[in-house]
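Below is the file data.cif, which contains mmCIF, C-alpha atoms.
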data_run
#
loop_
_atom_site.group_PDB
_atom_site.id
_atom_site.type_symbol
_atom_site.label_atom_id
_atom_site.label_comp_id
_atom_site.auth_asym_id
_atom_site.auth_seq_id
_atom_site.Cartn_x
_atom_site.Cartn_y
_atom_site.Cartn_z
ATOM 1 C CA MET A 248 -7.991 -23.537 -13.751
ATOM 2 C CA MET A 249 -4.801 -21.617 -13.304
ATOM 3 C CA VAL A 250 -4.658 -18.425 -11.260
ATOM 4 C CA ARG A 251 -1.872 -15.980 -11.935
ATOM 5 C CA LEU A 252 -1.104 -12.846 -9.945
ATOM 6 C CA THR A 253 0.507 -10.142 -11.968
ATOM 7 C CA GLN A 254 1.080 -6.609 -11.646
ATOM 8 C CA LEU A 255 -0.290 -7.302 -11.553
ATOM 9 C CA ALA A 256 9.649 16.768 0.747
ATOM 10 C CA PHE A 257 13.492 19.319 4.550
ATOM 11 C CA VAL A 258 12.647 22.554 6.245
ATOM 12 C CA VAL A 259 14.832 23.577 9.142
ATOM 13 C CA ALA A 260 13.910 26.269 11.654
ATOM 14 C CA LEU A 261 16.512 27.346 14.191
ATOM 15 C CA ALA A 262 15.676 29.176 17.399
ATOM 16 C CA VAL A 263 18.698 31.362 18.243
ATOM 17 C CA SER A 264 18.969 33.501 21.368
ATOM 18 C CA GLY A 265 21.749 35.731 22.696
ATOM 19 C CA CYS A 266 22.580 38.294 25.378
ATOM 20 C CA ILE A 267 24.582 41.547 25.006
ATOM 21 C CA ALA A 268 25.833 43.553 28.000
ATOM 22 C CA PRO A 269 24.182 47.006 28.381
ATOM 23 C CA ALA A 270 26.022 49.723 26.515
ATOM 24 C CA THR A 271 25.782 52.017 29.579
ATOM 25 C CA ALA A 272 28.113 49.862 31.654
ATOM 26 C CA GLN A 273 30.708 52.062 33.440
ATOM 27 C CA SER A 274 34.361 51.668 32.663
ATOM 28 C CA VAL A 275 36.175 50.890 35.878
ATOM 29 C CA PRO A 276 39.925 50.359 36.020
ATOM 30 C CA ARG A 277 40.567 46.700 36.695
ATOM 31 C CA GLY A 278 43.647 44.683 37.189
ATOM 32 C CA ASP A 279 42.646 41.879 34.818
ATOM 33 C CA GLY A 280 43.945 43.436 31.604
ATOM 34 C CA SER A 281 40.509 44.465 30.425
ATOM 35 C CA ASN A 282 41.206 48.202 30.774
ATOM 36 C CA GLY A 283 37.824 48.502 32.430
ATOM 37 C CA LYS A 284 35.878 47.546 29.263
ATOM 38 C CA PRO A 285 32.614 45.537 29.696
ATOM 39 C CA GLN A 286 33.018 41.834 28.845
ATOM 40 C CA VAL A 287 30.663 39.936 26.490
ATOM 41 C CA THR A 288 30.111 36.266 27.212
ATOM 42 C CA PRO A 289 28.685 34.131 24.333
ATOM 43 C CA ALA A 290 25.285 32.718 25.285
ATOM 44 C CA ALA A 291 24.701 28.983 25.205
ATOM 45 C CA ASP A 292 21.873 27.963 22.887
ATOM 46 C CA CYS A 293 20.006 24.948 21.511
ATOM 47 C CA ARG A 294 20.480 24.405 17.778
ATOM 48 C CA LEU A 295 18.343 21.479 16.663
ATOM 49 C CA ARG A 296 18.101 19.822 13.271
ATOM 50 C CA ILE A 297 16.132 16.779 12.163
ATOM 51 C CA ASN A 298 17.394 14.227 9.676
ATOM 52 C CA ALA A 299 14.653 12.044 8.191
ATOM 53 C CA THR A 300 16.283 9.624 5.754
ATOM 54 C CA PRO A 301 14.605 8.807 3.500
ATOM 55 C CA THR A 302 12.333 11.830 3.351
ATOM 56 C CA ALA A 303 9.633 9.717 1.664
ATOM 57 C CA TRP A 304 8.105 7.224 4.087
ATOM 58 C CA ILE A 305 6.313 4.995 1.569
ATOM 59 C CA ILE A 306 4.858 1.564 2.276
ATOM 60 C CA ARG A 307 5.955 -0.240 -0.878
ATOM 61 C CA GLY A 308 4.356 -3.071 -2.829
ATOM 62 C CA TYR A 309 1.118 -3.587 -0.909
ATOM 63 C CA ASP A 310 -1.154 -6.255 -2.362
ATOM 64 C CA PRO A 311 -4.696 -5.955 -0.952
ATOM 65 C CA TYR A 312 -5.351 -9.644 -1.668
ATOM 66 C CA GLU A 313 -2.447 -10.865 0.450
ATOM 67 C CA THR A 314 -2.535 -11.281 4.228
ATOM 68 C CA VAL A 315 0.486 -9.000 4.874
ATOM 69 C CA PRO A 316 -0.743 -5.711 6.459
ATOM 70 C CA PRO A 317 0.215 -2.367 4.876
ATOM 71 C CA GLU A 318 2.839 -1.102 7.300
ATOM 72 C CA ALA A 319 6.520 -0.169 7.482
ATOM 73 C CA ILE A 320 9.026 1.258 9.985
ATOM 74 C CA PHE A 321 10.948 4.499 9.467
ATOM 75 C CA SER A 322 13.156 6.722 11.618
ATOM 76 C CA ALA A 323 14.162 10.336 12.234
ATOM 77 C CA THR A 324 17.336 11.528 13.947
ATOM 78 C CA PHE A 325 17.299 14.647 16.137
ATOM 79 C CA VAL A 326 20.714 16.373 16.392
ATOM 80 C CA ASN A 327 21.674 19.172 18.811
ATOM 81 C CA ASP A 328 24.426 21.219 17.166
ATOM 82 C CA GLY A 329 24.219 23.899 19.871
ATOM 83 C CA THR A 330 25.969 24.444 23.157
ATOM 84 C CA ALA A 331 22.924 24.165 25.427
ATOM 85 C CA GLU A 332 20.492 21.372 26.159
ATOM 86 C CA CYS A 333 17.449 20.955 23.881
ATOM 87 C CA ARG A 334 14.168 19.828 25.471
ATOM 88 C CA PHE A 335 11.324 19.081 23.049
ATOM 89 C CA THR A 336 8.530 16.777 21.919
ATOM 90 C CA PRO A 337 8.299 15.500 18.308
ATOM 91 C CA ILE A 338 5.006 16.475 16.656
ATOM 92 C CA PHE A 339 3.657 15.721 13.181
ATOM 93 C CA GLU A 340 1.634 18.436 11.453
ATOM 94 C CA LEU A 341 -0.210 18.279 8.143
ATOM 95 C CA ALA A 342 1.352 20.408 5.427
ATOM 96 C CA GLN A 343 -2.127 20.684 3.914
ATOM 97 C CA PRO A 344 -5.426 19.165 5.115
ATOM 98 C CA PRO A 345 -7.473 17.052 4.856
ATOM 99 C CA PHE A 346 -6.050 14.085 6.704
ATOM 100 C CA GLY A 347 -5.411 10.902 4.741
ATOM 101 C CA LEU A 348 -3.271 9.381 2.006
ATOM 102 C CA SER A 349 -4.566 10.463 -1.382
ATOM 103 C CA SER A 350 -3.867 10.021 -5.084
ATOM 104 C CA GLY A 351 -5.695 13.261 -5.859
ATOM 105 C CA LYS A 352 -9.059 11.649 -6.394
ATOM 106 C CA GLY A 353 -11.402 9.499 -4.396
ATOM 107 C CA LYS A 354 -11.634 9.096 -0.658
ATOM 108 C CA PRO A 355 -8.286 9.362 1.225
ATOM 109 C CA ILE A 356 -6.919 6.315 3.007
ATOM 110 C CA GLY A 357 -6.589 6.621 6.772
ATOM 111 C CA TYR A 358 -3.339 5.806 8.520
ATOM 112 C CA ALA A 359 -1.627 5.790 11.898
ATOM 113 C CA LEU A 360 1.853 6.881 12.996
ATOM 114 C CA ILE A 361 3.113 5.164 16.133
ATOM 115 C CA ASN A 362 6.175 6.407 18.000
ATOM 116 C CA LEU A 363 7.838 3.118 18.875
ATOM 117 C CA SER A 364 10.140 4.776 21.408
ATOM 118 C CA ASP A 365 7.279 5.507 23.793
ATOM 119 C CA SER A 366 4.465 3.490 22.142
ATOM 120 C CA GLN A 367 2.385 6.627 21.630
ATOM 121 C CA ASP A 368 0.092 7.554 18.756
ATOM 122 C CA ALA A 369 1.659 10.461 16.824
ATOM 123 C CA THR A 370 -0.965 10.547 14.045
ATOM 124 C CA PRO A 371 -1.938 14.110 12.947
ATOM 125 C CA ARG A 372 -5.635 13.279 12.557
ATOM 126 C CA ALA A 373 -6.762 16.758 13.684
ATOM 127 C CA GLY A 374 -4.013 18.517 11.725
ATOM 128 C CA ARG A 375 -1.234 17.741 14.189
ATOM 129 C CA SER A 376 -0.226 15.097 16.686
ATOM 130 C CA VAL A 377 -2.191 15.243 19.917
ATOM 131 C CA ARG A 378 0.227 16.330 22.623
ATOM 132 C CA ASN A 379 -0.332 14.683 25.967
ATOM 133 C CA SER A 380 2.341 15.662 28.440
ATOM 134 C CA SER A 381 1.319 12.873 30.796
ATOM 135 C CA GLU A 382 2.074 10.231 28.169
ATOM 136 C CA GLN A 383 4.561 11.612 25.654
ATOM 137 C CA ARG A 384 8.056 11.814 26.982
ATOM 138 C CA THR A 385 10.089 14.982 26.476
ATOM 139 C CA ILE A 386 13.338 14.333 24.660
ATOM 140 C CA GLU A 387 16.397 15.908 26.249
ATOM 141 C CA LEU A 388 19.500 16.328 24.116
ATOM 142 C CA ALA A 389 22.745 17.642 25.561
ATOM 143 C CA ALA A 390 25.076 19.730 23.414
ATOM 144 C CA ASN A 391 26.341 17.732 20.408
ATOM 145 C CA GLU A 392 24.064 14.811 21.281
ATOM 146 C CA ARG A 393 21.739 13.028 18.866
ATOM 147 C CA ARG A 394 18.745 10.685 19.254
ATOM 148 C CA THR A 395 17.031 8.453 16.696
ATOM 149 C CA VAL A 396 13.284 7.866 17.049
ATOM 150 C CA THR A 397 11.539 5.094 15.111
ATOM 151 C CA TYR A 398 7.965 5.240 13.849
ATOM 152 C CA ARG A 399 5.586 2.654 12.441
ATOM 153 C CA LEU A 400 3.384 3.840 9.586
ATOM 154 C CA VAL A 401 0.223 1.743 9.197
ATOM 155 C CA ALA A 402 -2.378 2.310 6.485
ATOM 156 C CA SER A 403 -6.014 1.201 6.766
ATOM 157 C CA PRO A 404 -6.476 -1.840 4.470
ATOM 158 C CA ASP A 405 -10.273 -1.533 4.557
ATOM 159 C CA GLU A 406 -10.029 1.897 2.893
ATOM 160 C CA VAL A 407 -7.922 0.786 -0.076
ATOM 161 C CA ASN A 408 -10.195 0.985 -3.110
ATOM 162 C CA SER A 409 -7.828 0.965 -6.097
ATOM 163 C CA SER A 410 -4.219 0.529 -7.130
ATOM 164 C CA GLY A 411 -1.747 3.434 -7.310
ATOM 165 C CA THR A 412 0.360 5.581 -4.989
ATOM 166 C CA PHE A 413 -1.388 7.512 -2.198
ATOM 167 C CA THR A 414 0.530 10.202 -0.297
ATOM 168 C CA GLN A 415 0.319 13.044 2.230
ATOM 169 C CA ASP A 416 2.904 15.718 3.065
ATOM 170 C CA VAL A 417 3.567 16.243 6.760
ATOM 171 C CA ILE A 418 6.086 18.239 8.790
ATOM 172 C CA LEU A 419 7.861 16.603 11.694
ATOM 173 C CA GLU A 420 8.580 19.369 14.200
ATOM 174 C CA ALA A 421 10.399 19.494 17.525
ATOM 175 C CA ARG A 422 8.532 21.782 19.930
ATOM 176 C CA ASP A 423 9.426 22.884 23.425
ATOM 177 C CA GLN A 424 7.044 23.319 26.361
ATOM 178 C CA THR A 425 5.943 26.746 25.054
ATOM 179 C CA MET A 426 5.109 25.168 21.654
ATOM 180 C CA ARG A 427 8.004 27.025 20.040
ATOM 181 C CA THR A 428 9.440 25.166 17.054
ATOM 182 C CA LEU A 429 13.094 24.276 17.476
ATOM 183 C CA GLY A 430 13.504 22.414 14.185
ATOM 184 C CA GLY A 431 11.558 20.571 11.523
ATOM 185 C CA ALA A 432 11.693 18.278 8.499
ATOM 186 C CA ARG A 433 9.210 17.789 5.661
ATOM 187 C CA ILE A 434 8.262 14.159 5.049
ATOM 188 C CA VAL A 435 6.074 12.460 2.461
ATOM 189 C CA LEU A 436 3.956 9.635 3.883
ATOM 190 C CA GLY A 437 2.575 7.159 1.398
ATOM 191 C CA LEU A 438 1.190 3.791 0.363
ATOM 192 C CA GLU A 439 1.948 2.052 -2.920
ATOM 193 C CA VAL A 440 -0.849 -0.358 -3.903
ATOM 194 C CA LEU A 441 0.038 -2.853 -6.608
ATOM 195 C CA PRO A 442 -2.338 -3.727 -9.438
ATOM 196 C CA SER A 443 -3.589 -7.144 -8.388
ATOM 197 C CA ALA A 444 -6.318 -9.618 -9.236
ATOM 198 C CA ARG A 445 -7.609 -13.035 -8.180
ATOM 199 C CA ILE A 446 -9.984 -15.528 -9.758
ATOM 200 C CA GLY A 447 -11.861 -18.551 -8.460
ATOM 201 C CA LEU A 448 -14.732 -20.865 -9.312
ATOM 202 C CA ALA A 449 -18.142 -21.322 -7.797
ATOM 203 C CA GLY A 450 -20.807 -23.862 -8.662
ATOM 204 C CA ALA A 451 -20.717 -27.461 -9.908
ATOM 205 C CA TYR A 452 -17.093 -28.599 -9.832
ATOM 206 C CA ARG A 453 -14.717 -30.682 -7.738
ATOM 207 C CA ILE A 454 -10.969 -30.504 -7.131
ATOM 208 C CA SER A 455 -8.664 -33.343 -8.125
ATOM 209 C CA ASP A 456 -4.857 -33.100 -8.111
ATOM 210 C CA GLY A 457 -5.086 -29.326 -7.895
ATOM 211 C CA GLN A 458 -7.381 -29.010 -10.918
ATOM 212 C CA ALA A 459 -11.049 -28.084 -11.049
ATOM 213 C CA ILE A 460 -13.045 -30.903 -12.635
ATOM 214 C CA VAL A 461 -16.326 -29.955 -14.307
ATOM 215 C CA SER A 462 -18.681 -32.717 -15.368
ATOM 216 C CA LEU A 463 -20.891 -31.913 -18.356
ATOM 217 C CA GLY A 464 -22.939 -35.067 -17.836
ATOM 218 C CA GLU A 465 -24.184 -36.995 -20.823
ATOM 219 C CA LEU A 466 -23.182 -35.012 -23.877
ATOM 220 C CA ARG A 467 -26.114 -33.601 -25.784
ATOM 221 C CA GLU A 468 -26.065 -30.963 -28.466
ATOM 222 C CA GLY A 469 -26.829 -27.519 -27.066
ATOM 223 C CA PRO A 470 -26.092 -25.744 -23.765
ATOM 224 C CA ALA A 471 -24.829 -28.026 -20.999
ATOM 225 C CA PRO A 472 -26.932 -27.671 -17.824
ATOM 226 C CA VAL A 473 -23.976 -26.982 -15.533
ATOM 227 C CA PRO A 474 -24.177 -24.091 -13.023
ATOM 228 C CA LEU A 475 -20.670 -22.632 -12.977
ATOM 229 C CA GLN A 476 -19.351 -19.110 -12.291
ATOM 230 C CA LEU A 477 -15.985 -17.429 -12.482
ATOM 231 C CA ARG A 478 -15.397 -15.024 -9.603
ATOM 232 C CA VAL A 479 -12.990 -12.132 -10.164
ATOM 233 C CA SER A 480 -11.565 -9.727 -7.575
ATOM 234 C CA SER A 481 -9.351 -6.930 -8.875
ATOM 235 C CA THR A 482 -7.915 -3.547 -7.853
ATOM 236 C CA GLY A 483 -9.091 -2.147 -11.189
ATOM 237 C CA ARG A 484 -9.344 -3.118 -14.829
ATOM 238 C CA TYR A 485 -8.310 -6.632 -15.752
ATOM 239 C CA ASP A 486 -7.971 -9.093 -18.642
ATOM 240 C CA LEU A 487 -8.921 -12.763 -18.736
ATOM 241 C CA ASN A 488 -6.712 -15.061 -20.837
ATOM 242 C CA VAL A 489 -8.299 -18.338 -21.952
ATOM 243 C CA THR A 490 -6.741 -21.313 -23.742
ATOM 244 C CA SER A 491 -8.012 -24.771 -24.672
ATOM 245 C CA LEU A 492 -5.618 -27.731 -24.868
ATOM 246 C CA ASN A 493 -7.638 -29.301 -27.690
ATOM 247 C CA SER A 494 -8.585 -26.009 -29.378
ATOM 248 C CA GLY A 495 -12.268 -26.223 -28.524
ATOM 249 C CA LYS A 496 -12.758 -29.973 -28.800
ATOM 250 C CA LEU A 497 -13.617 -32.610 -26.245
ATOM 251 C CA ARG A 498 -11.403 -35.601 -27.011
ATOM 252 C CA LEU A 499 -11.849 -39.286 -26.213
ATOM 253 C CA ASN A 500 -8.634 -40.190 -24.409
ATOM 254 C CA GLY A 501 -6.134 -42.020 -26.598
ATOM 255 C CA THR A 502 -8.151 -41.613 -29.789
ATOM 256 C CA GLU A 503 -8.887 -39.093 -32.495
ATOM 257 C CA TRP A 504 -12.582 -39.036 -31.641
ATOM 258 C CA THR A 505 -13.664 -35.478 -30.734
ATOM 259 C CA VAL A 506 -16.800 -33.471 -30.000
ATOM 260 C CA PRO A 507 -16.735 -29.735 -30.755
ATOM 261 C CA TYR A 508 -17.887 -27.288 -28.140
ATOM 262 C CA SER A 509 -17.893 -23.548 -27.455
ATOM 263 C CA LEU A 510 -17.703 -21.416 -24.332
ATOM 264 C CA THR A 511 -18.942 -18.084 -23.021
ATOM 265 C CA ILE A 512 -17.750 -16.255 -19.896
ATOM 266 C CA GLY A 513 -20.004 -13.544 -18.552
ATOM 267 C CA GLY A 514 -21.980 -13.720 -21.810
ATOM 268 C CA ASN A 515 -18.885 -13.121 -23.950
ATOM 269 C CA ALA A 516 -17.954 -15.756 -26.521
ATOM 270 C CA VAL A 517 -14.434 -17.201 -26.192
ATOM 271 C CA ASN A 518 -12.362 -18.188 -29.211
ATOM 272 C CA LEU A 519 -10.900 -21.542 -28.255
ATOM 273 C CA SER A 520 -8.825 -22.031 -31.406
ATOM 274 C CA GLY A 521 -5.961 -20.146 -29.716
ATOM 275 C CA MET A 522 -5.385 -17.989 -26.663
ATOM 276 C CA ASP A 523 -8.216 -15.509 -26.368
ATOM 277 C CA ARG A 524 -8.289 -12.406 -24.203
ATOM 278 C CA LEU A 525 -11.427 -10.973 -22.643
ATOM 279 C CA GLN A 526 -11.349 -7.469 -21.193
ATOM 280 C CA GLY A 527 -13.058 -6.729 -17.908
ATOM 281 C CA PRO A 528 -14.960 -3.542 -17.026
ATOM 282 C CA SER A 529 -13.362 -0.248 -18.034
ATOM 283 C CA GLU A 530 -13.942 1.526 -14.708
ATOM 284 C CA ASN A 531 -11.257 1.900 -12.054
ATOM 285 C CA GLY A 532 -11.532 0.944 -8.394
ATOM 286 C CA LEU A 533 -11.992 -2.371 -6.634
ATOM 287 C CA ILE A 534 -13.964 -4.832 -8.727
ATOM 288 C CA ARG A 535 -15.776 -7.963 -7.590
ATOM 289 C CA ALA A 536 -17.484 -9.766 -10.420
ATOM 290 C CA VAL A 537 -19.387 -13.045 -10.788
ATOM 291 C CA LEU A 538 -19.269 -14.225 -14.407
ATOM 292 C CA PRO A 539 -21.399 -17.209 -15.501
ATOM 293 C CA ILE A 540 -19.565 -19.850 -17.535
ATOM 294 C CA GLN A 541 -21.663 -21.616 -20.170
ATOM 295 C CA PHE A 542 -20.669 -24.619 -22.301
ATOM 296 C CA TYR A 543 -22.342 -25.326 -25.654
ATOM 297 C CA ILE A 544 -21.957 -28.841 -27.027
ATOM 298 C CA GLY A 545 -21.717 -29.405 -30.780
ATOM 299 C CA ASP A 546 -22.730 -32.402 -32.910
ATOM 300 C CA VAL A 547 -22.531 -35.661 -30.949
ATOM 301 C CA SER A 548 -24.091 -37.934 -33.560
ATOM 302 C CA ARG A 549 -22.174 -40.997 -34.698
ATOM 303 C CA LYS A 550 -19.575 -40.592 -31.965
ATOM 304 C CA ARG A 551 -17.912 -43.447 -30.166
ATOM 305 C CA ALA A 552 -19.055 -44.024 -26.594
ATOM 306 C CA GLY A 553 -16.707 -42.950 -23.832
ATOM 307 C CA THR A 554 -15.583 -40.000 -21.756
ATOM 308 C CA TYR A 555 -14.533 -36.928 -23.709
ATOM 309 C CA SER A 556 -12.479 -34.175 -22.083
ATOM 310 C CA ASP A 557 -10.473 -30.995 -22.583
ATOM 311 C CA LEU A 558 -8.265 -28.827 -20.393
ATOM 312 C CA ILE A 559 -9.128 -25.130 -20.215
ATOM 313 C CA SER A 560 -6.741 -22.638 -18.622
ATOM 314 C CA ILE A 561 -8.044 -19.276 -17.418
ATOM 315 C CA SER A 562 -5.733 -16.625 -15.964
ATOM 316 C CA VAL A 563 -6.301 -13.026 -14.900
ATOM 317 C CA THR A 564 -4.044 -10.017 -15.396
ATOM 318 C CA ALA A 565 -4.611 -6.778 -13.494
ATOM 319 C CA ARG A 566 -4.030 -3.544 -15.431
#
How does the structure come out when it is put into structure tokens?
Amino acid sequence: MMVRLTQLAFVVALAVSGCIAPATAQSVPRGDGSNGKPQVTPAADCRLRINATPTAWIIRGYDPYETVPPEAIFSATFVNDGTAECRFTPIFELAQPPFGLSSGKGKPIGYALINLSDSQDATPRAGRSVRNSSEQRTIELAANERRTVTYRLVASPDEVNSSGTFTQDVILEARDQTMRTLGGARIVLGLEVLPSARIGLAGAYRISDGQAIVSLGELREGPAPVPLQLRVSSTGRYDLNVTSLNSGKLRLNGTEWTVPYSLTIGGNAVNLSGMDRLQGPSENGLIRAVLPIQFYIGDVSRKRAGTYSDLISISVTAR
């Protein structure tokens, strides 16, 4: 039995403030060369921009049948191009509810966003990150200073129910203590789930040298009384590929003596004269199937005594 795994959004808002001297200021002769005209002093301001590169934070190549969790680390850089200090807290907000990574159909997949700089949960479960001033640290950027913040995106593996790409648009905003937005960047969060499938055996067999050995007992014409099942787990539709080394014949080792036999998997007849392909269910979504395997022995009359055998290879391909 051989198992084969096959395949298987930047919006910037600037808060600008300034101060102009009152036009009613009196002109008083001065000795500083100003001729008594009022002086205008440019106001210092905070000009913040956010660089999120890449703008698509996608967890790539997740296989739900592997032990590697669906997570990845990304970063955003906050840059103060102004002349005054910027004080703010990064907050994620949903561009459009509901919460969850979605392919446009089915139940969304939950996820978490963790700010690794302060180990705080920044997930916008209620539409935006929960702001807790006692836990989330305010970022302070001096003029012309920048700061990079890293985030871990983790998807919920228990909510993955099919292959495909699942996304959600969010806006990463920098907000001051009055909840005024100083700058923002649009980001696409996502999870890419690979088409994947696994097969295994259950029932009367043993393992020897990495192969499953099935004993058919004393060969008698008709169905062999061997309880055997093929178990299939897949992220969606799949194909089974079946081949027989002896093209559907049990052979006495070292001789030309053979006994014909046939095979069904899940009630479907398999053509053992060459590689045969059986299609699984047509529906999408996670599939777990138990398919009975049945052997049918052909004519055994006038055959030489001994042990007859064949090697069957079954592989699965996710679609």
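Residue nearest Val473 in chain A within the list A:Pro539, A:Pro301, A:Pro371, A:Gly521: A:Pro539 [criterion: smallest interatomic distance, only C-alpha atoms].
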Translate the PyMOL selection byres ((chain A and resi 554) around 6), as applied to the file shown, into an explicit residue set as a short mmCIF file (atom, residue, chain, number, x, y, z; two decimals) with C-alpha atoms, in the frame of the given file.
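What ended up in out.cif:
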data_model
loop_
_atom_site.label_atom_id
_atom_site.label_comp_id
_atom_site.auth_asym_id
_atom_site.auth_seq_id
_atom_site.Cartn_x
_atom_site.Cartn_y
_atom_site.Cartn_z
CA LEU A 499 -11.85 -39.29 -26.21
CA GLY A 553 -16.71 -42.95 -23.83
CA TYR A 555 -14.53 -36.93 -23.71
#
Residues matched by the PyMOL selection byres ((chain A and resi 483) around 6), written as a list in words: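 Selection result, ordered by chain and number: Ser481, Thr482, Arg484, Asn531, Gly532 and Leu533 of chain A.
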Selection under test: the PyMOL selection byres ((chain A and resi 351) around 12); residues as a PyMOL selection string: chain A and resi 345+347-350+352-356+411-415
Ile534 in chain A environment, 12 Å, only C-alpha atoms, sequence neighbours closer than 5 positions dropped, as a PyMOL selection string: chain A and resi 407-410+442-446+478-485+527-529+565
Length of the CA of Ala449 in chain A to CA of Gln526 in chain A vector [Å]: 20.4 Å
Two-atom distance - CA of Val461 in chain A, CA of Asn493 in chain A (Å):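 Going from CA of Val461 in chain A over to CA of Asn493 in chain A covers 16.0 Å.
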Separation of CA of Phe339 in chain A from CA of Leu388 in chain A, in Å and rounded to one decimal: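 So the answer is 19.3 Å.
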Nearest candidate to Arg433 in chain A (options A:Asp546, A:Asp416, A:Asp310, A:Glu392; using all atoms listed in the file):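 Nearest to Arg433 in chain A: A:Asp416.
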Residues near Ser520 in chain A, cut-off 8 Å, only C-alpha atoms, skip fewer than 2 positions along chain, as JSON, numbers by chain: {"A": [490, 491, 494, 495, 518, 522]}
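Here the question is which of A:Leu419, A:Cys293, A:Ile306, A:Leu360 gets nearest to Val440 in chain A using only C-alpha atoms, and that residue is A:Ile306.
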Could range 445-458 of chain A be completed with N, CA and C atoms and returned as a CSV table (one decimal), in the coordinates of the input?
chain,number,residue,atom,x,y,z
A,445,ARG,N,-7.4,-11.6,-8.5
A,445,ARG,CA,-7.6,-13.0,-8.2
A,445,ARG,C,-8.8,-13.6,-8.9
A,446,ILE,N,-8.8,-14.9,-9.2
A,446,ILE,CA,-10.0,-15.5,-9.8
A,446,ILE,C,-10.2,-16.8,-9.0
A,447,GLY,N,-11.5,-17.3,-9.1
A,447,GLY,CA,-11.9,-18.6,-8.5
A,447,GLY,C,-13.2,-19.0,-9.1
A,448,LEU,N,-13.5,-20.3,-8.8
A,448,LEU,CA,-14.7,-20.9,-9.3
A,448,LEU,C,-15.8,-21.0,-8.2
A,449,ALA,N,-17.0,-21.0,-8.7
A,449,ALA,CA,-18.1,-21.3,-7.8
A,449,ALA,C,-19.1,-22.1,-8.6
A,450,GLY,N,-19.8,-23.1,-8.0
A,450,GLY,CA,-20.8,-23.9,-8.7
A,450,GLY,C,-20.4,-25.3,-8.7
A,451,ALA,N,-20.8,-26.0,-9.8
A,451,ALA,CA,-20.7,-27.5,-9.9
A,451,ALA,C,-19.3,-27.9,-10.4
A,452,TYR,N,-18.4,-28.1,-9.5
A,452,TYR,CA,-17.1,-28.6,-9.8
A,452,TYR,C,-16.5,-29.3,-8.6
A,453,ARG,N,-15.5,-30.1,-8.8
A,453,ARG,CA,-14.7,-30.7,-7.7
A,453,ARG,C,-13.2,-30.5,-8.0
A,454,ILE,N,-12.4,-30.7,-7.0
A,454,ILE,CA,-11.0,-30.5,-7.1
A,454,ILE,C,-10.3,-31.9,-7.1
A,455,SER,N,-9.4,-32.1,-8.1
A,455,SER,CA,-8.7,-33.3,-8.1
A,455,SER,C,-7.3,-33.0,-8.6
A,456,ASP,N,-6.3,-33.4,-7.8
A,456,ASP,CA,-4.9,-33.1,-8.1
A,456,ASP,C,-4.6,-31.6,-8.5
A,457,GLY,N,-5.3,-30.8,-7.7
A,457,GLY,CA,-5.1,-29.3,-7.9
A,457,GLY,C,-5.8,-28.7,-9.1
A,458,GLN,N,-6.6,-29.5,-9.8
A,458,GLN,CA,-7.4,-29.0,-10.9
A,458,GLN,C,-8.9,-29.1,-10.6
